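Below: structure.tsv (TSV, C-alpha atoms and all ligand atoms)
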chain	number	residue	atom	x	y	z
A	1	MET	CA	-2.88	111.66	-155.19
A	2	ILE	CA	-3.97	108.38	-153.68
A	3	THR	CA	-5.32	108.60	-150.19
A	4	ARG	CA	-5.75	105.44	-148.24
A	5	SER	CA	-8.23	105.59	-145.43
A	6	VAL	CA	-7.63	103.47	-142.38
A	7	ALA	CA	-10.54	101.17	-141.66
A	8	ARG	CA	-11.89	101.03	-138.13
A	9	TRP	CA	-10.47	97.53	-137.65
A	10	GLN	CA	-7.01	98.71	-138.65
A	11	ALA	CA	-7.18	101.47	-136.05
A	12	GLU	CA	-8.30	98.93	-133.43
A	13	LEU	CA	-5.49	96.59	-134.40
A	14	GLY	CA	-3.03	99.46	-134.01
A	15	GLN	CA	-4.32	99.96	-130.47
A	16	ALA	CA	-3.83	96.35	-129.41
A	17	LEU	CA	-2.01	95.97	-126.10
A	18	GLY	CA	1.67	95.16	-126.50
A	19	GLU	CA	3.00	95.68	-122.98
A	20	VAL	CA	2.67	93.09	-120.25
A	21	ALA	CA	2.68	95.82	-117.59
A	22	GLU	CA	-0.27	97.58	-119.21
A	23	LEU	CA	-2.29	94.40	-119.56
A	24	LEU	CA	-1.75	93.49	-115.90
A	25	ALA	CA	-2.55	97.02	-114.73
A	26	THR	CA	-5.72	97.10	-116.84
A	27	LEU	CA	-6.90	93.92	-115.14
A	28	GLY	CA	-5.82	94.95	-111.64
A	29	LEU	CA	-3.28	92.12	-111.41
A	30	PRO	CA	0.18	92.06	-109.78
A	31	GLN	CA	3.13	92.74	-112.06
A	32	ASP	CA	4.98	89.59	-111.00
A	33	LEU	CA	2.33	87.34	-112.52
A	34	ALA	CA	4.04	87.37	-115.93
A	35	VAL	CA	7.42	87.69	-117.60
A	36	GLN	CA	8.66	89.84	-120.47
A	37	PRO	CA	8.38	87.76	-123.63
A	38	GLY	CA	11.20	87.71	-126.15
A	39	PRO	CA	11.03	90.26	-128.97
A	40	ALA	CA	10.25	87.62	-131.63
A	41	PHE	CA	6.85	86.78	-130.12
A	42	GLY	CA	5.82	89.61	-127.86
A	43	LEU	CA	2.56	90.20	-126.07
A	44	ARG	CA	-0.24	91.18	-128.39
A	45	VAL	CA	-3.93	91.32	-127.58
A	46	PRO	CA	-6.70	93.54	-128.94
A	47	ARG	CA	-8.62	95.62	-126.42
A	48	ALA	CA	-11.89	94.05	-127.57
A	49	PHE	CA	-10.56	90.71	-126.31
A	50	VAL	CA	-9.18	92.12	-123.05
A	51	ALA	CA	-12.66	93.53	-122.37
A	52	ARG	CA	-13.98	89.95	-122.09
A	53	MET	CA	-11.50	89.04	-119.35
A	54	ALA	CA	-12.57	89.16	-115.71
A	55	TYR	CA	-11.03	91.96	-113.67
A	56	GLY	CA	-8.67	90.75	-110.95
A	57	ASP	CA	-8.70	87.07	-111.95
A	58	PRO	CA	-5.20	85.72	-112.63
A	59	LEU	CA	-6.72	82.44	-113.86
A	60	ASP	CA	-9.09	83.99	-116.37
A	61	PRO	CA	-9.18	81.54	-119.32
A	62	LEU	CA	-8.80	84.28	-121.94
A	63	LEU	CA	-5.92	85.88	-120.10
A	64	ARG	CA	-4.12	82.52	-119.82
A	65	GLN	CA	-4.05	82.23	-123.61
A	66	VAL	CA	-2.09	85.45	-124.09
A	67	LEU	CA	-0.08	86.00	-120.90
A	68	PRO	CA	3.64	85.10	-121.05
A	69	LEU	CA	4.42	83.03	-117.94
A	70	VAL	CA	7.80	82.09	-116.60
A	71	ALA	CA	6.92	78.48	-117.51
A	72	GLU	CA	7.27	79.22	-121.21
A	73	GLN	CA	10.92	80.11	-120.80
A	74	GLN	CA	11.80	76.77	-119.24
A	75	PRO	CA	13.01	74.11	-121.67
A	76	ALA	CA	10.82	71.01	-121.94
A	77	ALA	CA	11.86	67.69	-123.47
A	78	GLY	CA	10.16	66.94	-126.78
A	79	PHE	CA	9.06	70.52	-127.41
A	80	THR	CA	10.65	71.88	-130.59
A	81	ARG	CA	10.50	74.83	-132.97
A	82	ASP	CA	8.73	73.03	-135.82
A	83	PRO	CA	6.59	70.35	-134.18
A	84	VAL	CA	4.37	69.62	-137.19
A	85	GLY	CA	6.96	69.45	-139.94
A	86	ASP	CA	5.80	72.60	-141.71
A	87	LEU	CA	9.19	73.32	-143.20
A	88	ARG	CA	9.27	69.94	-144.95
A	89	ALA	CA	5.82	70.61	-146.43
A	90	VAL	CA	6.75	73.75	-148.35
A	91	HIS	CA	6.26	73.09	-152.09
A	92	ALA	CA	6.48	76.65	-153.42
A	93	PRO	CA	6.85	80.03	-151.70
A	94	GLY	CA	4.17	80.11	-149.01
A	95	VAL	CA	2.54	76.86	-150.19
A	96	LEU	CA	2.27	74.03	-147.65
A	97	ARG	CA	1.05	70.69	-148.96
A	98	LYS	CA	0.28	67.89	-146.55
A	99	TYR	CA	-3.11	66.53	-147.56
A	100	ALA	CA	-4.77	65.42	-150.78
A	101	GLY	CA	-6.77	68.04	-152.64
A	102	ARG	CA	-5.83	70.90	-150.34
A	103	ALA	CA	-3.04	73.46	-150.38
A	104	LEU	CA	-2.39	75.87	-147.56
A	105	LEU	CA	-1.15	79.34	-148.40
A	106	VAL	CA	0.84	81.21	-145.75
A	107	VAL	CA	0.02	84.77	-146.77
A	108	THR	CA	1.33	86.67	-143.76
A	109	GLY	CA	3.14	86.13	-140.48
A	110	ALA	CA	1.09	88.77	-138.67
A	111	CYS	CA	-1.61	87.97	-136.13
A	112	PRO	CA	-4.01	90.20	-134.25
A	113	VAL	CA	-3.26	88.25	-131.08
A	114	HIS	CA	-0.26	86.27	-129.93
A	115	CYS	CA	-1.47	82.97	-128.49
A	116	ARG	CA	1.22	81.60	-126.24
A	117	TYR	CA	0.51	78.00	-127.33
A	118	CYS	CA	0.74	78.78	-131.06
A	119	PHE	CA	2.44	76.01	-133.05
A	120	ARG	CA	3.82	78.58	-135.46
A	121	ARG	CA	5.23	80.81	-132.72
A	122	GLY	CA	8.73	79.96	-133.91
A	123	PHE	CA	7.88	79.82	-137.62
A	124	PRO	CA	10.36	81.52	-139.95
A	125	TYR	CA	7.70	83.50	-141.81
A	126	GLY	CA	10.19	85.79	-143.47
A	127	ASP	CA	11.71	82.84	-145.34
A	128	VAL	CA	8.53	81.04	-146.26
A	129	GLN	CA	5.45	83.22	-146.68
A	130	ALA	CA	3.93	84.11	-150.03
A	131	THR	CA	4.66	87.81	-149.93
A	132	ARG	CA	3.50	89.99	-152.78
A	133	GLY	CA	6.75	89.46	-154.65
A	134	ARG	CA	6.65	85.67	-154.36
A	135	LEU	CA	2.95	85.24	-154.97
A	136	ALA	CA	3.37	84.56	-158.68
A	137	ALA	CA	5.31	81.37	-157.97
A	138	ALA	CA	2.71	80.24	-155.43
A	139	ILE	CA	-0.17	80.82	-157.85
A	140	GLU	CA	1.73	79.04	-160.59
A	141	HIS	CA	2.14	76.01	-158.32
A	142	LEU	CA	-1.60	75.93	-157.54
A	143	GLY	CA	-2.48	76.31	-161.21
A	144	ALA	CA	-0.17	73.51	-162.30
A	145	ASP	CA	-1.75	70.81	-160.09
A	146	PRO	CA	-5.33	69.96	-161.05
A	147	SER	CA	-5.72	67.87	-157.88
A	148	ILE	CA	-5.98	71.04	-155.78
A	149	ALA	CA	-9.67	71.70	-155.22
A	150	GLU	CA	-9.31	73.76	-152.07
A	151	VAL	CA	-7.00	76.58	-151.07
A	152	VAL	CA	-6.67	77.40	-147.38
A	153	LEU	CA	-5.57	80.93	-146.55
A	154	SER	CA	-3.55	80.83	-143.38
A	155	GLY	CA	-0.61	82.50	-141.70
A	156	GLY	CA	-0.37	84.17	-139.26
A	157	ASP	CA	-3.88	85.45	-139.74
A	158	PRO	CA	-4.81	86.15	-143.37
A	159	LEU	CA	-7.40	88.72	-142.31
A	160	THR	CA	-4.63	91.02	-141.06
A	161	LEU	CA	-4.11	91.82	-144.77
A	162	PRO	CA	-6.07	94.77	-146.14
A	163	ASP	CA	-9.14	93.93	-148.22
A	164	ALA	CA	-7.63	95.32	-151.41
A	165	ARG	CA	-4.87	92.72	-151.20
A	166	LEU	CA	-7.22	89.93	-150.26
A	167	ARG	CA	-9.51	90.79	-153.15
A	168	THR	CA	-6.61	90.61	-155.64
A	169	LEU	CA	-5.32	87.41	-154.10
A	170	VAL	CA	-8.70	85.74	-154.25
A	171	ALA	CA	-9.17	86.90	-157.85
A	172	ARG	CA	-5.95	85.11	-158.80
A	173	ILE	CA	-6.99	81.93	-157.02
A	174	GLU	CA	-10.43	82.14	-158.62
A	175	ALA	CA	-8.84	82.29	-162.05
A	176	ILE	CA	-7.56	78.73	-161.55
A	177	PRO	CA	-10.39	76.61	-162.94
A	178	HIS	CA	-9.83	73.48	-160.82
A	179	VAL	CA	-9.99	75.34	-157.49
A	180	ARG	CA	-13.53	75.13	-156.15
A	181	ARG	CA	-13.25	75.99	-152.46
A	182	LEU	CA	-11.62	78.78	-150.52
A	183	ARG	CA	-11.06	78.32	-146.82
A	184	VAL	CA	-9.95	81.06	-144.44
A	185	HIS	CA	-8.35	80.14	-141.12
A	186	THR	CA	-8.70	83.18	-138.91
A	187	ARG	CA	-8.97	84.29	-135.31
A	188	MET	CA	-10.01	87.81	-136.30
A	189	PRO	CA	-13.81	87.42	-135.99
A	190	VAL	CA	-13.21	86.32	-132.38
A	191	VAL	CA	-10.48	88.64	-131.15
A	192	LEU	CA	-11.27	91.69	-133.29
A	193	PRO	CA	-14.81	91.37	-134.63
A	194	ALA	CA	-14.69	94.86	-136.18
A	195	ARG	CA	-12.54	93.20	-138.88
A	196	VAL	CA	-15.66	91.71	-140.44
A	197	ASP	CA	-16.72	94.94	-142.08
A	198	ASP	CA	-18.55	95.69	-145.34
A	199	ALA	CA	-15.40	95.57	-147.45
A	200	LEU	CA	-14.59	92.04	-146.26
A	201	VAL	CA	-18.13	90.82	-146.65
A	202	SER	CA	-18.30	92.20	-150.18
A	203	TRP	CA	-15.26	90.34	-151.59
A	204	LEU	CA	-16.25	87.21	-149.74
A	205	ALA	CA	-19.77	87.32	-151.15
A	206	ALA	CA	-18.52	88.04	-154.67
A	207	THR	CA	-16.25	85.04	-155.21
A	208	ARG	CA	-17.38	82.10	-157.35
A	209	LEU	CA	-15.61	79.79	-154.88
A	210	ARG	CA	-17.49	78.01	-152.12
A	211	THR	CA	-16.20	79.62	-148.96
A	212	VAL	CA	-15.50	78.19	-145.54
A	213	VAL	CA	-14.37	80.34	-142.64
A	214	VAL	CA	-12.78	78.44	-139.78
A	215	ILE	CA	-12.64	80.61	-136.69
A	216	HIS	CA	-10.63	79.81	-133.57
A	217	ALA	CA	-12.17	80.06	-130.11
A	218	ASN	CA	-11.19	77.99	-127.10
A	219	HIS	CA	-13.58	79.13	-124.41
A	220	PRO	CA	-17.24	80.22	-124.40
A	221	ASN	CA	-16.32	83.55	-122.76
A	222	GLU	CA	-14.67	84.53	-126.05
A	223	LEU	CA	-17.98	84.58	-127.88
A	224	ASP	CA	-19.76	87.82	-126.99
A	225	GLU	CA	-22.45	89.65	-128.97
A	226	ALA	CA	-19.96	91.48	-131.21
A	227	VAL	CA	-18.51	88.10	-132.23
A	228	ALA	CA	-22.00	86.76	-132.87
A	229	GLU	CA	-22.70	89.70	-135.20
A	230	ALA	CA	-19.39	89.27	-137.04
A	231	VAL	CA	-20.12	85.61	-137.59
A	232	GLN	CA	-23.61	86.45	-138.78
A	233	ARG	CA	-22.16	88.83	-141.39
A	234	LEU	CA	-19.82	86.09	-142.63
A	235	ALA	CA	-22.78	83.73	-142.94
A	236	SER	CA	-24.72	86.36	-144.88
A	237	ALA	CA	-21.82	86.38	-147.37
A	238	GLY	CA	-22.45	82.68	-147.96
A	239	ALA	CA	-19.61	81.24	-145.88
A	240	THR	CA	-19.88	77.94	-144.05
A	241	LEU	CA	-18.70	78.55	-140.49
A	242	LEU	CA	-16.61	76.13	-138.46
A	243	ASN	CA	-14.53	76.46	-135.31
A	244	GLN	CA	-11.26	74.94	-134.26
A	245	SER	CA	-9.98	74.92	-130.70
A	246	VAL	CA	-6.84	73.78	-129.01
A	247	LEU	CA	-7.16	71.72	-125.83
A	248	LEU	CA	-5.32	73.81	-123.25
A	249	ARG	CA	-4.59	73.08	-119.63
A	250	GLY	CA	-5.96	75.80	-117.40
A	251	VAL	CA	-8.13	77.20	-120.20
A	252	ASN	CA	-10.65	74.65	-121.45
A	253	ASP	CA	-9.63	71.26	-120.08
A	254	ASP	CA	-12.90	70.38	-118.50
A	255	GLY	CA	-16.02	68.79	-119.91
A	256	PRO	CA	-18.68	71.34	-118.95
A	257	THR	CA	-16.56	74.22	-120.34
A	258	LEU	CA	-16.07	72.45	-123.66
A	259	ALA	CA	-19.77	71.60	-123.77
A	260	ARG	CA	-20.67	75.24	-123.18
A	261	LEU	CA	-18.26	76.24	-125.94
A	262	SER	CA	-19.99	73.93	-128.43
A	263	GLU	CA	-23.46	75.10	-127.34
A	264	ARG	CA	-22.47	78.75	-127.66
A	265	LEU	CA	-20.84	78.20	-131.06
A	266	PHE	CA	-24.01	76.63	-132.36
A	267	GLU	CA	-26.10	79.43	-130.91
A	268	ILE	CA	-24.14	81.95	-133.01
A	269	GLY	CA	-24.19	79.77	-136.13
A	270	VAL	CA	-20.85	77.95	-136.02
A	271	LEU	CA	-20.22	74.20	-135.93
A	272	PRO	CA	-17.38	72.75	-133.85
A	273	TYR	CA	-14.81	71.19	-136.19
A	274	TYR	CA	-11.50	70.27	-134.57
A	275	LEU	CA	-10.32	70.09	-130.99
A	276	HIS	CA	-6.56	69.92	-131.43
A	277	GLN	CA	-4.21	68.19	-129.09
A	278	LEU	CA	-1.43	70.70	-128.44
A	279	ASP	CA	1.39	70.77	-130.96
A	280	ARG	CA	4.59	70.37	-128.97
A	281	VAL	CA	6.14	73.72	-129.75
A	282	GLU	CA	8.89	75.23	-127.62
A	283	GLY	CA	7.40	77.42	-124.89
A	284	ALA	CA	3.98	75.74	-124.71
A	285	ALA	CA	4.62	72.73	-122.46
A	286	HIS	CA	2.59	74.20	-119.59
A	287	PHE	CA	-0.57	73.98	-121.73
A	288	GLU	CA	-0.32	70.26	-122.45
A	289	VAL	CA	-3.14	67.86	-121.54
A	290	ASP	CA	-2.16	64.19	-121.77
A	291	ASP	CA	-3.91	61.86	-124.22
A	292	ALA	CA	-5.66	59.83	-121.52
A	293	ARG	CA	-7.25	62.94	-120.06
A	294	ALA	CA	-8.08	64.29	-123.53
A	295	GLY	CA	-9.82	61.04	-124.40
A	296	ALA	CA	-11.79	61.12	-121.15
A	297	LEU	CA	-12.88	64.69	-121.85
A	298	LEU	CA	-14.08	63.70	-125.30
A	299	ALA	CA	-16.08	60.82	-123.86
A	300	GLU	CA	-17.63	63.25	-121.41
A	301	LEU	CA	-18.51	65.61	-124.26
A	302	ARG	CA	-20.16	62.76	-126.16
A	303	SER	CA	-22.31	62.09	-123.14
A	304	LEU	CA	-23.33	65.74	-122.80
A	305	LEU	CA	-23.94	66.86	-126.39
A	306	PRO	CA	-25.68	65.89	-129.61
A	307	GLY	CA	-23.19	64.22	-131.95
A	308	TYR	CA	-23.01	67.21	-134.30
A	309	LEU	CA	-21.71	69.41	-131.49
A	310	VAL	CA	-18.83	67.10	-130.55
A	311	PRO	CA	-15.58	68.32	-132.17
A	312	ARG	CA	-13.12	65.85	-133.68
A	313	LEU	CA	-10.21	65.39	-131.27
A	314	VAL	CA	-7.08	65.26	-133.40
A	315	ARG	CA	-3.34	65.51	-133.30
A	316	GLU	CA	-1.20	66.59	-136.17
A	317	GLU	CA	1.55	64.05	-136.80
A	318	PRO	CA	4.21	64.92	-139.36
A	319	GLY	CA	3.98	62.70	-142.41
A	320	MET	CA	0.40	61.50	-141.83
A	321	PRO	CA	-2.08	62.01	-144.70
A	322	TYR	CA	-4.67	63.54	-142.35
A	323	LYS	CA	-4.87	64.96	-138.86
A	324	THR	CA	-4.90	61.88	-136.69
A	325	PRO	CA	-8.11	61.24	-134.69
A	326	LEU	CA	-7.61	60.28	-131.05
A	327	PRO	CA	-9.93	57.67	-129.65
B	401	LIG	C1	-4.56	71.41	-141.19
B	401	LIG	C2	-4.11	71.59	-142.59
B	401	LIG	C3	-5.02	71.57	-143.66
B	401	LIG	C4	-6.50	71.38	-143.44
B	401	LIG	O1	-6.78	70.09	-143.01
B	401	LIG	P1	-8.29	69.63	-142.85
B	401	LIG	O2	-8.21	68.30	-142.19
B	401	LIG	O3	-8.88	69.59	-144.21
B	401	LIG	O4	-8.95	70.66	-142.01
B	401	LIG	C5	-4.54	71.69	-144.94
B	401	LIG	N1	-3.22	71.84	-145.19
B	401	LIG	C6	-2.32	71.87	-144.19
B	401	LIG	C7	-0.88	72.01	-144.54
B	401	LIG	C8	-2.72	71.76	-142.86
B	401	LIG	O5	-1.81	71.79	-141.88
B	402	LIG	S1	-4.08	83.56	-134.09
B	402	LIG	FE1	-3.50	81.48	-134.74
B	402	LIG	S2	-1.58	81.74	-135.90
B	402	LIG	FE2	-1.91	83.63	-134.68
B	402	LIG	S3	-0.81	83.33	-132.75
B	402	LIG	FE3	-2.92	82.64	-132.41
B	402	LIG	S4	-2.88	80.44	-132.86
B	402	LIG	FE4	-1.02	81.34	-133.76
How does the structure come out when it is put into structure tokens?
Amino acid sequence: MITRSVARWQAELGQALGEVAELLATLGLPQDLAVQPGPAFGLRVPRAFVARMAYGDPLDPLLRQVLPLVAEQQPAAGFTRDPVGDLRAVHAPGVLRKYAGRALLVVTGACPVHCRYCFRRGFPYGDVQATRGRLAAAIEHLGADPSIAEVVLSGGDPLTLPDARLRTLVARIEAIPHVRRLRVHTRMPVVLPARVDDALVSWLAATRLRTVVVIHANHPNELDEAVAEAVQRLASAGATLLNQSVLLRGVNDDGPTLARLSERLFEIGVLPYYLHQLDRVEGAAHFEVDDARAGALLAELRSLLPGYLVPRLVREEPGMPYKTPLP
């Protein structure tokens, strides 16, 4: 008989909050602050993340990232379901190709947290992702193109998959001689740091590929001691650690906050990589910061920080061969 034990992180993930009413009650906030989200992209937030929110503060920057507001149900011109042209970039099941030398593998649609601004919030994962059954075709595609030096595991959040599956997946990628780098795009170390356990660290440390883990934090309050330890464990496995953020109105759209985010990231061993201008996905219009303001914030950051702590401000434009830098 095979018994499968549930790791601590899986138990924590199972206990993530899924009810708006419970989240508001936990934080001592009035029930009319939020709306019921549609079933396709419900509320989801791990308790470890809720614990970093301030009690009784409706404007808490962590809360704003996950709380469904009435604003997201109002239509906004120019905001669409597939703002970055993902569907046109699918080359094989789960394989998105937009940039030279890199292929992005959508391995799951699941996320530990539902970020209300997410550009893939309307993504048809069921049709596109490289599920177990379709993985062979994805691997075959990667193997057939010697220009692919880097594979990016994405989703959803790839670290929602159990380690046994990740280990097998990485073994198959590793078997492709021309692939040299493995990148993991994940919010797990930030929202559910228990995910970075011994099993994860062991497969990560064992691969012949150079590994890069790109975490996703938008505000310095997200980076508590548990996150610092998780990141340290990833570094001990040999991973290069980078962070990407999204510029979000009401969350991190001011210079001192972004400067503190960069300082805190560096303190825990992570370099700021991208600061993304919002992708114009349906339901996220209330987070948008205009380009003039974004540019001014970046100039302010340059004046506050050493150059290596200033993230690259970019926007993803469909059809461009790289993420477009904003001045
Ligand atoms: C963002 C993205 C990448 C990674 O781009 P970098 O500029 O190398 O960080 C790779 N593939 C796809 C499809 C992407 O959207
Ligand atoms: S963790 Fe990433 S993919 Fe998942 S909802 Fe948040 S932004 Fe989207």
Starting from 5 Å padding per side, set up an axis-aligned box that covers all listed atoms of ligand LIG 402 (chain B) and hand over centre and edge lengths in Å, one decimal, as lines of an AutoDock Vina configuration file.
center_x = -2.4
center_y = 82.0
center_z = -134.2
size_x = 13.3
size_y = 13.2
size_z = 13.5
Let me see if you get this right: every residue at most 7 Å from ligand LIG 401 (chain B), counting all atoms listed in the file, written as a VMD selection string. chain A and resid 96 to 99 102 to 104 152 322 to 323
Enumerate residues in contact with ligand LIG 402 (chain B): an atom-to-atom distance of at most 7 Å, counting all atoms listed in the file. Format the result as a PDB file with C-alpha atoms, in the coordinates of the input.
ATOM      1  CA  CYS A 111      -1.610  87.970-136.130  1.00  0.00           C
ATOM      2  CA  PRO A 112      -4.010  90.200-134.250  1.00  0.00           C
ATOM      3  CA  VAL A 113      -3.260  88.250-131.080  1.00  0.00           C
ATOM      4  CA  HIS A 114      -0.260  86.270-129.930  1.00  0.00           C
ATOM      5  CA  CYS A 115      -1.470  82.970-128.490  1.00  0.00           C
ATOM      6  CA  TYR A 117       0.510  78.000-127.330  1.00  0.00           C
ATOM      7  CA  CYS A 118       0.740  78.780-131.060  1.00  0.00           C
ATOM      8  CA  PHE A 119       2.440  76.010-133.050  1.00  0.00           C
ATOM      9  CA  ARG A 120       3.820  78.580-135.460  1.00  0.00           C
ATOM     10  CA  ARG A 121       5.230  80.810-132.720  1.00  0.00           C
ATOM     11  CA  GLY A 155      -0.610  82.500-141.700  1.00  0.00           C
ATOM     12  CA  GLY A 156      -0.370  84.170-139.260  1.00  0.00           C
ATOM     13  CA  ASP A 157      -3.880  85.450-139.740  1.00  0.00           C
ATOM     14  CA  THR A 186      -8.700  83.180-138.910  1.00  0.00           C
ATOM     15  CA  ARG A 187      -8.970  84.290-135.310  1.00  0.00           C
TER      16      ARG A 187
END
Can you list, as a PyMOL selection string, every protein, DNA or RNA residue that comes within 7 Å of region 18-25 of chain A when you count all atoms listed in the file, leaving out same-chain residues fewer than 5 positions away? chain A and resi 30-31+36+43-45
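Of the listed residues A:Leu59, A:Met320, A:Ala175, A:Ala110, the one whose atoms come nearest to Ala40 (chain A) is A:Ala110, with distances taken using all atoms listed in the file.
Nearest residue to Val231 (chain A) among A:Ala217, A:Val270, A:Ala259, A:Leu278 is A:Val270, counting all atoms listed in the file.
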Compile the contact shell of Leu271 (chain A) as a compact mmCIF listing (two decimals) with C-alpha atoms, keeping the file's coordinate frame: residues with an atom at most 8 Å away, counting all atoms listed in the file, same-chain residues fewer than 6 positions apart removed.
# COMPACT_ATOMS: atom_id res chain seq x y z
CA LEU A 241 -18.70 78.55 -140.49
CA LEU A 242 -16.61 76.13 -138.46
CA ASN A 243 -14.53 76.46 -135.31
CA SER A 262 -19.99 73.93 -128.43
CA LEU A 265 -20.84 78.20 -131.06
CA TYR A 308 -23.01 67.21 -134.30
CA LEU A 309 -21.71 69.41 -131.49
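Each of A:Ala299, A:Asn252, A:Gln244, A:Arg293 was compared to Pro272 (chain A) using only C-alpha atoms, and A:Gln244 turns out to be the nearest.
Restricting the calculation to only C-alpha atoms, the smallest distance between Arg195 (chain A) and any of A:Pro162, A:Pro256, A:Pro68, A:Pro311 is found for A:Pro162.
If you look at CA of Val314 (chain A) and CA of Pro220 (chain A), they are 20.2 Å away from each other.
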To one decimal in Å, tell me the separation between CA of Ala239 (chain A) and CA of Ala194 (chain A). 17.4 Å
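The residue set within 12 Å of Ala226 (chain A), counting only C-alpha atoms and dropping same-chain residues fewer than 5 places from it, reads Ala48, Phe49, Ala51, Arg52, Met188, Pro189, Val190, Val191, Leu192, Pro193, Ala194, Arg195, Val196, Asp197, Val231, Gln232, Arg233 and Ile268 of chain A.
Proximity to Ile148 (chain A) was assessed for A:Leu182, A:Val90, A:Leu234, A:Val106 counting all atoms listed in the file; the smallest distance is recorded for A:Leu182.
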For region 121-126 of chain A, which lacks atoms in the input, supply all heavy atoms and format the output as a PDB file, in the frame of the given file.
ATOM      1  N   ARG A 121       4.616  79.687-133.411  1.00  0.00           N
ATOM      2  CA  ARG A 121       5.230  80.810-132.720  1.00  0.00           C
ATOM      3  C   ARG A 121       6.712  80.951-133.068  1.00  0.00           C
ATOM      4  O   ARG A 121       7.278  82.031-132.930  1.00  0.00           O
ATOM      5  CB  ARG A 121       5.029  80.746-131.191  1.00  0.00           C
ATOM      6  CG  ARG A 121       5.478  79.482-130.531  1.00  0.00           C
ATOM      7  CD  ARG A 121       5.279  79.554-129.013  1.00  0.00           C
ATOM      8  NE  ARG A 121       6.215  80.497-128.404  1.00  0.00           N
ATOM      9  CZ  ARG A 121       6.128  80.968-127.182  1.00  0.00           C
ATOM     10  NH1 ARG A 121       5.144  80.599-126.402  1.00  0.00           N
ATOM     11  NH2 ARG A 121       7.029  81.784-126.697  1.00  0.00           N
ATOM     12  N   GLY A 122       7.319  79.866-133.517  1.00  0.00           N
ATOM     13  CA  GLY A 122       8.730  79.960-133.910  1.00  0.00           C
ATOM     14  C   GLY A 122       8.918  79.844-135.409  1.00  0.00           C
ATOM     15  O   GLY A 122      10.009  79.590-135.893  1.00  0.00           O
ATOM     16  N   PHE A 123       7.844  80.057-136.180  1.00  0.00           N
ATOM     17  CA  PHE A 123       7.880  79.820-137.620  1.00  0.00           C
ATOM     18  C   PHE A 123       8.664  80.908-138.358  1.00  0.00           C
ATOM     19  O   PHE A 123       8.457  82.094-138.113  1.00  0.00           O
ATOM     20  CB  PHE A 123       6.438  79.779-138.142  1.00  0.00           C
ATOM     21  CG  PHE A 123       6.285  79.186-139.516  1.00  0.00           C
ATOM     22  CD1 PHE A 123       6.481  77.831-139.708  1.00  0.00           C
ATOM     23  CD2 PHE A 123       5.935  79.972-140.597  1.00  0.00           C
ATOM     24  CE1 PHE A 123       6.326  77.272-140.970  1.00  0.00           C
ATOM     25  CE2 PHE A 123       5.782  79.422-141.858  1.00  0.00           C
ATOM     26  CZ  PHE A 123       5.972  78.068-142.048  1.00  0.00           C
ATOM     27  N   PRO A 124       9.560  80.512-139.241  1.00  0.00           N
ATOM     28  CA  PRO A 124      10.360  81.520-139.950  1.00  0.00           C
ATOM     29  C   PRO A 124       9.591  82.139-141.119  1.00  0.00           C
ATOM     30  O   PRO A 124       9.883  81.900-142.285  1.00  0.00           O
ATOM     31  CB  PRO A 124      11.545  80.694-140.463  1.00  0.00           C
ATOM     32  CG  PRO A 124      10.994  79.319-140.652  1.00  0.00           C
ATOM     33  CD  PRO A 124       9.923  79.131-139.613  1.00  0.00           C
ATOM     34  N   TYR A 125       8.585  82.948-140.774  1.00  0.00           N
ATOM     35  CA  TYR A 125       7.700  83.500-141.810  1.00  0.00           C
ATOM     36  C   TYR A 125       8.445  84.228-142.912  1.00  0.00           C
ATOM     37  O   TYR A 125       8.100  84.142-144.081  1.00  0.00           O
ATOM     38  CB  TYR A 125       6.704  84.467-141.170  1.00  0.00           C
ATOM     39  CG  TYR A 125       5.627  83.778-140.399  1.00  0.00           C
ATOM     40  CD1 TYR A 125       5.592  83.835-139.018  1.00  0.00           C
ATOM     41  CD2 TYR A 125       4.646  83.056-141.061  1.00  0.00           C
ATOM     42  CE1 TYR A 125       4.602  83.200-138.306  1.00  0.00           C
ATOM     43  CE2 TYR A 125       3.654  82.415-140.360  1.00  0.00           C
ATOM     44  CZ  TYR A 125       3.639  82.498-138.970  1.00  0.00           C
ATOM     45  OH  TYR A 125       2.655  81.858-138.287  1.00  0.00           O
ATOM     46  N   GLY A 126       9.465  84.983-142.489  1.00  0.00           N
ATOM     47  CA  GLY A 126      10.190  85.790-143.470  1.00  0.00           C
ATOM     48  C   GLY A 126      10.718  84.943-144.615  1.00  0.00           C
ATOM     49  O   GLY A 126      10.747  85.366-145.765  1.00  0.00           O
TER      50      GLY A 126
END
